[in-house]
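What follows is coords10.txt (compact mmCIF, C-alpha atoms).
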# COMPACT_ATOMS: atom_id res chain seq x y z
CA MET A 956 54.88 74.87 104.71
CA LEU A 957 58.30 74.50 103.07
CA GLU A 958 58.17 78.09 101.77
CA LYS A 959 57.36 79.35 105.25
CA GLN A 960 60.24 77.33 106.71
CA ARG A 961 62.65 78.67 104.09
CA ALA A 962 61.49 82.24 104.80
CA MET A 963 62.09 81.70 108.53
CA GLU A 964 65.56 80.26 107.85
CA THR A 965 66.42 83.23 105.61
CA GLU A 966 65.22 85.70 108.23
CA SER A 967 67.20 83.84 110.90
CA ARG A 968 70.40 84.02 108.85
CA SER A 969 69.77 87.74 108.23
CA VAL A 970 69.31 88.40 111.95
CA GLU A 971 72.46 86.41 112.73
CA GLY A 972 74.41 88.42 110.19
CA THR A 973 73.16 91.69 111.67
CA THR A 974 73.93 90.59 115.23
CA ARG A 975 77.45 89.49 114.35
CA SER A 976 78.05 92.77 112.53
CA ARG A 977 76.97 94.62 115.68
CA ILE A 978 79.28 92.45 117.78
CA LEU A 979 82.22 93.28 115.52
CA PHE A 980 81.31 96.98 115.68
CA LEU A 981 81.13 96.90 119.50
CA LEU A 982 84.50 95.18 119.77
CA LYS A 983 86.00 97.62 117.27
CA THR A 984 84.80 100.68 119.16
CA ASN A 985 85.14 99.41 122.74
CA GLY A 986 87.99 96.94 122.67
CA ARG A 987 87.67 93.59 124.41
CA LEU A 988 84.30 92.82 125.97
CA SER A 989 82.90 89.94 128.00
CA ALA A 990 79.84 87.90 127.12
CA GLY A 991 77.95 89.72 129.88
CA GLN A 992 78.85 93.14 128.51
CA LEU A 993 77.88 92.13 124.98
CA SER A 994 74.65 90.66 126.28
CA GLY A 995 73.73 93.98 127.86
CA GLU A 996 74.58 95.96 124.72
CA LEU A 997 72.76 93.63 122.34
CA GLY A 998 69.75 92.77 124.48
CA ILE A 999 70.22 89.01 124.04
CA THR A 1000 71.19 86.25 126.46
CA GLU A 1001 74.80 85.38 127.22
CA MET A 1002 74.15 81.94 125.74
CA ALA A 1003 73.11 83.57 122.45
CA VAL A 1004 76.21 85.78 122.58
CA ARG A 1005 78.45 82.72 123.01
CA ARG A 1006 76.79 81.03 120.05
CA HIS A 1007 77.63 84.01 117.84
CA MET A 1008 81.13 84.23 119.28
CA TYR A 1009 81.76 80.57 118.53
CA ALA A 1010 80.91 81.22 114.86
CA LEU A 1011 83.11 84.36 114.74
CA GLU A 1012 85.99 82.54 116.42
CA ARG A 1013 85.69 79.66 113.95
CA GLU A 1014 86.04 82.07 111.01
CA GLY A 1015 89.02 83.74 112.68
CA SER A 1016 87.44 87.14 113.41
CA ILE A 1017 87.68 87.07 117.21
CA SER A 1018 89.81 85.44 119.88
CA ILE A 1019 89.17 84.66 123.54
CA VAL A 1020 91.43 86.16 126.20
CA SER A 1021 91.55 85.87 129.99
CA VAL A 1022 91.22 89.16 131.86
CA LYS A 1023 92.50 89.25 135.43
CA GLN A 1024 90.16 90.67 138.07
CA GLY A 1025 91.05 92.33 141.33
CA MET A 1026 89.44 89.43 143.14
CA GLY A 1027 88.27 86.04 141.96
CA ARG A 1028 89.00 84.06 138.88
CA PRO A 1029 89.93 85.67 135.52
CA VAL A 1030 87.04 86.51 133.22
CA HIS A 1031 86.90 85.39 129.62
CA ALA A 1032 86.56 88.26 127.16
CA TYR A 1033 86.54 88.60 123.40
CA GLU A 1034 88.68 90.77 121.14
CA LEU A 1035 89.11 91.22 117.41
CA THR A 1036 91.89 89.49 115.50
CA ARG A 1037 93.94 91.09 112.74
CA LEU A 1038 91.89 89.09 110.26
CA ALA A 1039 88.75 90.90 111.43
CA ASP A 1040 90.24 94.20 110.31
CA ASP A 1041 89.39 93.24 106.73
CA ARG A 1042 85.69 93.36 107.69
CA PHE A 1043 85.80 97.13 108.13
CA PRO A 1044 85.85 99.85 105.41
CA LYS A 1045 89.17 100.59 103.74
CA ASN A 1046 90.23 103.42 101.43
CA TYR A 1047 93.44 102.07 99.94
CA ASN A 1048 92.48 102.95 96.36
CA LEU A 1049 92.05 106.64 97.19
CA LEU A 1050 95.33 106.69 99.10
CA ALA A 1051 97.17 105.00 96.22
CA LEU A 1052 95.68 107.41 93.69
CA ASP A 1053 96.59 110.44 95.80
CA LEU A 1054 100.18 109.26 96.16
CA LEU A 1055 100.52 108.46 92.46
CA GLU A 1056 99.08 111.85 91.53
CA GLU A 1057 101.65 113.55 93.74
CA LEU A 1058 104.38 111.80 91.74
CA ALA A 1059 102.70 112.46 88.37
CA GLU A 1060 102.34 116.20 88.98
CA ASP A 1061 106.08 116.69 89.47
CA PRO A 1062 108.13 116.25 86.25
CA GLU A 1063 111.10 115.13 88.34
CA THR A 1064 109.18 112.22 89.89
CA ALA A 1065 106.70 111.31 87.14
CA GLY A 1066 109.07 108.68 85.76
CA LEU A 1067 109.08 106.91 89.13
CA ILE A 1068 105.52 105.68 88.57
CA THR A 1069 106.56 103.18 85.91
CA ARG A 1070 109.49 102.07 88.04
CA MET A 1071 107.16 101.49 90.99
CA PHE A 1072 104.86 99.26 88.96
CA GLU A 1073 107.84 97.39 87.52
CA GLY A 1074 109.20 96.94 91.04
CA ARG A 1075 105.86 95.54 92.17
CA GLN A 1076 105.88 93.20 89.18
CA GLN A 1077 109.31 91.87 90.16
CA LYS A 1078 108.21 91.33 93.77
CA LEU A 1079 105.19 89.33 92.59
CA LEU A 1080 107.38 87.33 90.21
CA ASP A 1081 109.81 86.50 93.01
CA ARG A 1082 106.88 85.49 95.24
CA TYR A 1083 105.04 83.25 92.77
CA GLU A 1084 107.72 81.89 90.43
CA PRO A 1085 108.65 79.04 92.82
CA ARG A 1086 105.04 77.80 92.58
CA MET A 1087 105.52 77.30 88.84
CA THR A 1088 108.72 75.27 89.02
CA GLY A 1089 108.49 71.87 87.33
CA LYS A 1090 104.87 72.33 86.22
CA SER A 1091 103.38 71.89 82.76
CA LEU A 1092 101.65 74.85 81.12
CA SER A 1093 98.26 73.45 82.09
CA GLU A 1094 99.36 73.18 85.72
CA LYS A 1095 100.87 76.67 85.63
CA VAL A 1096 97.61 78.13 84.33
CA THR A 1097 95.69 76.39 87.13
CA GLU A 1098 98.21 77.77 89.64
CA LEU A 1099 97.83 81.27 88.20
CA GLU A 1100 94.06 80.97 88.49
CA ALA A 1101 94.48 80.12 92.19
CA ILE A 1102 96.90 83.02 92.72
CA GLN A 1103 94.52 85.51 91.12
CA ASN A 1104 91.52 84.20 93.03
CA ALA A 1105 93.43 84.59 96.28
CA GLY A 1106 94.04 88.20 95.24
CA GLY A 1107 90.31 88.86 94.72
CA TYR A 1108 90.25 88.80 90.91
CA MET A 1109 87.43 86.20 90.62
CA ALA A 1110 89.41 84.31 87.98
CA LYS A 1111 88.23 81.40 85.88
CA VAL A 1112 90.14 79.41 83.25
CA GLU A 1113 88.60 78.26 79.98
CA ASP A 1114 90.26 75.45 78.03
CA ARG A 1115 90.23 75.72 74.25
CA ASP A 1116 90.32 72.85 71.78
CA ASN A 1117 93.39 74.30 70.02
CA GLY A 1118 95.61 73.82 73.05
CA GLN A 1119 95.23 77.38 74.27
CA TYR A 1120 93.71 78.67 77.50
CA VAL A 1121 91.72 81.79 78.33
CA LEU A 1122 91.95 83.32 81.78
CA HIS A 1123 88.95 85.49 82.65
CA GLU A 1124 89.02 87.91 85.61
CA TYR A 1125 85.59 89.21 86.60
CA ASN A 1126 86.84 91.61 89.27
CA CYS A 1127 89.78 94.01 89.46
CA PRO A 1128 90.72 94.98 93.04
CA ILE A 1129 92.87 97.83 91.66
CA ALA A 1130 90.40 99.01 89.01
CA GLN A 1131 90.55 102.68 90.00
CA VAL A 1132 94.33 102.70 89.83
CA ALA A 1133 94.46 100.67 86.60
CA GLY A 1134 91.90 102.98 84.99
CA LYS A 1135 94.26 105.93 85.39
CA TYR A 1136 97.68 104.30 85.14
CA GLU A 1137 97.95 101.78 82.32
CA GLN A 1138 101.29 100.58 83.75
CA ALA A 1139 99.24 98.45 86.17
CA CYS A 1140 97.74 96.48 83.28
CA SER A 1141 100.92 96.22 81.21
CA CYS A 1142 102.90 94.97 84.20
CA GLU A 1143 100.25 92.36 84.97
CA LEU A 1144 100.44 91.10 81.38
CA SER A 1145 104.23 90.94 81.58
CA LEU A 1146 104.01 89.12 84.92
CA PHE A 1147 101.72 86.47 83.43
CA GLU A 1148 104.12 85.85 80.55
CA SER A 1149 107.06 85.55 82.93
CA LEU A 1150 105.22 83.13 85.23
CA LEU A 1151 103.79 80.98 82.44
CA GLN A 1152 106.78 81.25 80.10
CA THR A 1153 104.51 81.54 77.08
CA LYS A 1154 102.79 84.19 74.97
CA VAL A 1155 99.83 85.92 76.66
CA GLU A 1156 97.48 88.35 74.93
CA ARG A 1157 94.92 90.56 76.68
CA THR A 1158 91.68 90.63 74.67
CA GLU A 1159 89.40 92.48 77.09
CA CYS A 1160 90.05 94.86 79.98
CA LEU A 1161 87.84 96.04 82.83
CA ALA A 1162 89.86 99.25 83.19
CA LYS A 1163 89.06 100.12 79.56
CA GLY A 1164 85.34 99.54 79.83
CA GLY A 1165 85.20 95.79 79.27
CA GLY A 1166 82.96 93.44 81.19
CA ARG A 1167 85.99 91.47 82.40
CA CYS A 1168 89.73 91.08 81.87
CA SER A 1169 90.46 88.22 79.48
CA TYR A 1170 93.84 86.76 78.58
CA THR A 1171 94.49 84.28 75.78
CA ILE A 1172 97.34 82.00 76.78
CA GLY A 1173 99.01 80.26 73.86
CA ILE A 1174 101.50 77.42 73.62
CA GLU A 1175 102.63 78.02 70.04
CA HIS A 1176 105.06 80.85 70.84
CA GLN A 1177 106.97 79.88 73.96
CA ALA A 1178 108.76 82.75 75.73
CA ASN A 1179 112.52 82.68 76.02
CA GLY A 1180 112.64 79.79 73.56
CA SER A 1181 111.37 77.31 76.19
Represent the structure from my file as structure tokens, please.
Amino acid sequence: MLEKQRAMETESRSVEGTTRSRILFLLKTNGRLSAGQLSGELGITEMAVRRHMYALEREGSISIVSVKQGMGRPVHAYELTRLADDRFPKNYNLLALDLLEELAEDPETAGLITRMFEGRQQKLLDRYEPRMTGKSLSEKVTELEAIQNAGGYMAKVEDRDNGQYVLHEYNCPIAQVAGKYEQACSCELSLFESLLQTKVERTECLAKGGGRCSYTIGIEHQANGS
């Protein structure tokens, strides 16, 4: 009985996921739509549509707007938010690679690639350095873990008995770029050392065929004498 109930719950969640994906697709391709219009497109009741829309609104994917009619009261309709745009396919890696290749193929601009990565490193340092102010190394490592997780790196910190830490990253959102331009990895390593103000050593790298990116963070050799 329990197995049957679990199977029904799993199927229900799958159907809900499919329906909400169709709703997002319809809003993406048609613009704002009312519950009645979505009901007709999906073949479900308006009440069921509103239940799905409540869940999508709660996660920030859609918003409710009032649409004025020629006569009568305004009608409530739904439209996608900017956050919902992340739910649709993107091709940023290919665009980045194409642009970098354009620079690399011209001897006059090839040197700009390193400068671009170094510029990105400085921007990230300026953005995150204030979050490290006044923190111990342990707190800084925890903060770095949060920063990397927010960036999609699936980071996890391992404490070692010798006072060191190991930061593991199980995903690399820029893997295709890093696999071709090692400046991405070297600048990340330099960024970590600047943020943590201590020695950091990369021991494994996804871009070089590793199963993850791993960084040993030591406290014996403090950077900048701090």
Item to complete: Take CA of Arg1070 in chain A and CA of Asp1041 in chain A and report the distance between them in Å, one decimal.
Response: 28.8 Å
Item to complete: Tell me, as a VMD selection string, which residues lie within 12 Å of Gln992 in chain A, counting only C-alpha atoms; anything in the same chain fewer than 6 positions away does not count.
Response: chain A and resid 978 981 to 982 985 to 986 998 to 1001 1004 to 1005 1030 to 1033
Worksheet item: Nearest to Ala1059 in chain A: which of A:Lys1163, A:Ser1149, A:Gln1103, A:Lys1135 is it, counting all atoms listed in the file?
Response: A:Lys1135
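Between CA of Glu1094 in chain A and CA of Arg1167 in chain A there is a distance of 22.9 Å.
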Fill in: Exercise: Glu1034 in chain A partners within 10 Å, only C-alpha atoms, chain neighbours under 5 positions left out, as a PyMOL selection string
chain A and resi 979+981-983+985-989+1012+1016-1020+1039
Take every atom of range 1013-1023 of chain A listed in the file, fit an axis-aligned box around them, add 5 Å per side, and give the centre and edge lengths in Å to one decimal as AutoDock Vina command-line options.
--center_x 89.1 --center_y 84.5 --center_z 123.2 --size_x 16.8 --size_y 19.6 --size_z 34.4
Worksheet, complete the sentence: Separating CA of Arg1037 in chain A from CA of Thr984 in chain A, to the nearest tenth of an Å, is a gap of 14.7 Å
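You can rank A:Asp1040, A:Glu1014, A:Phe1147, A:Gln1138 by their closest distance to Gly1066 in chain A using only C-alpha atoms, and at the top of that list sits A:Gln1138.
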Fill in: Using only C-alpha atoms: which of A:Val1132, A:Arg1006, A:Leu1038, A:Arg1075 has the shortest distance to Leu1054 in chain A
A:Val1132
Practice prompt. Could you give me, as a list in words, the residues within 12 Å of Ala1101 in chain A, counting only C-alpha atoms and dropping anything in the same chain fewer than 2 positions from it?
Written response: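 Listing them by chain and then by number gives Tyr1083, Arg1086, Met1087, Glu1094, Lys1095, Val1096, Thr1097, Glu1098, Leu1099, Gln1103, Asn1104, Ala1105, Gly1106, Gly1107, Tyr1108, Met1109, Ala1110, Lys1111, Val1112, Leu1122 and Glu1124 of chain A.
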Discussion item. Please return as number ranges by chain every residue within 12 Å of (84.9, 96.4, 81.6), taking into account only C-alpha atoms and the file's own coordinates.
Written reply: A: 1123-1127, 1130-1131, 1133-1134, 1158-1169
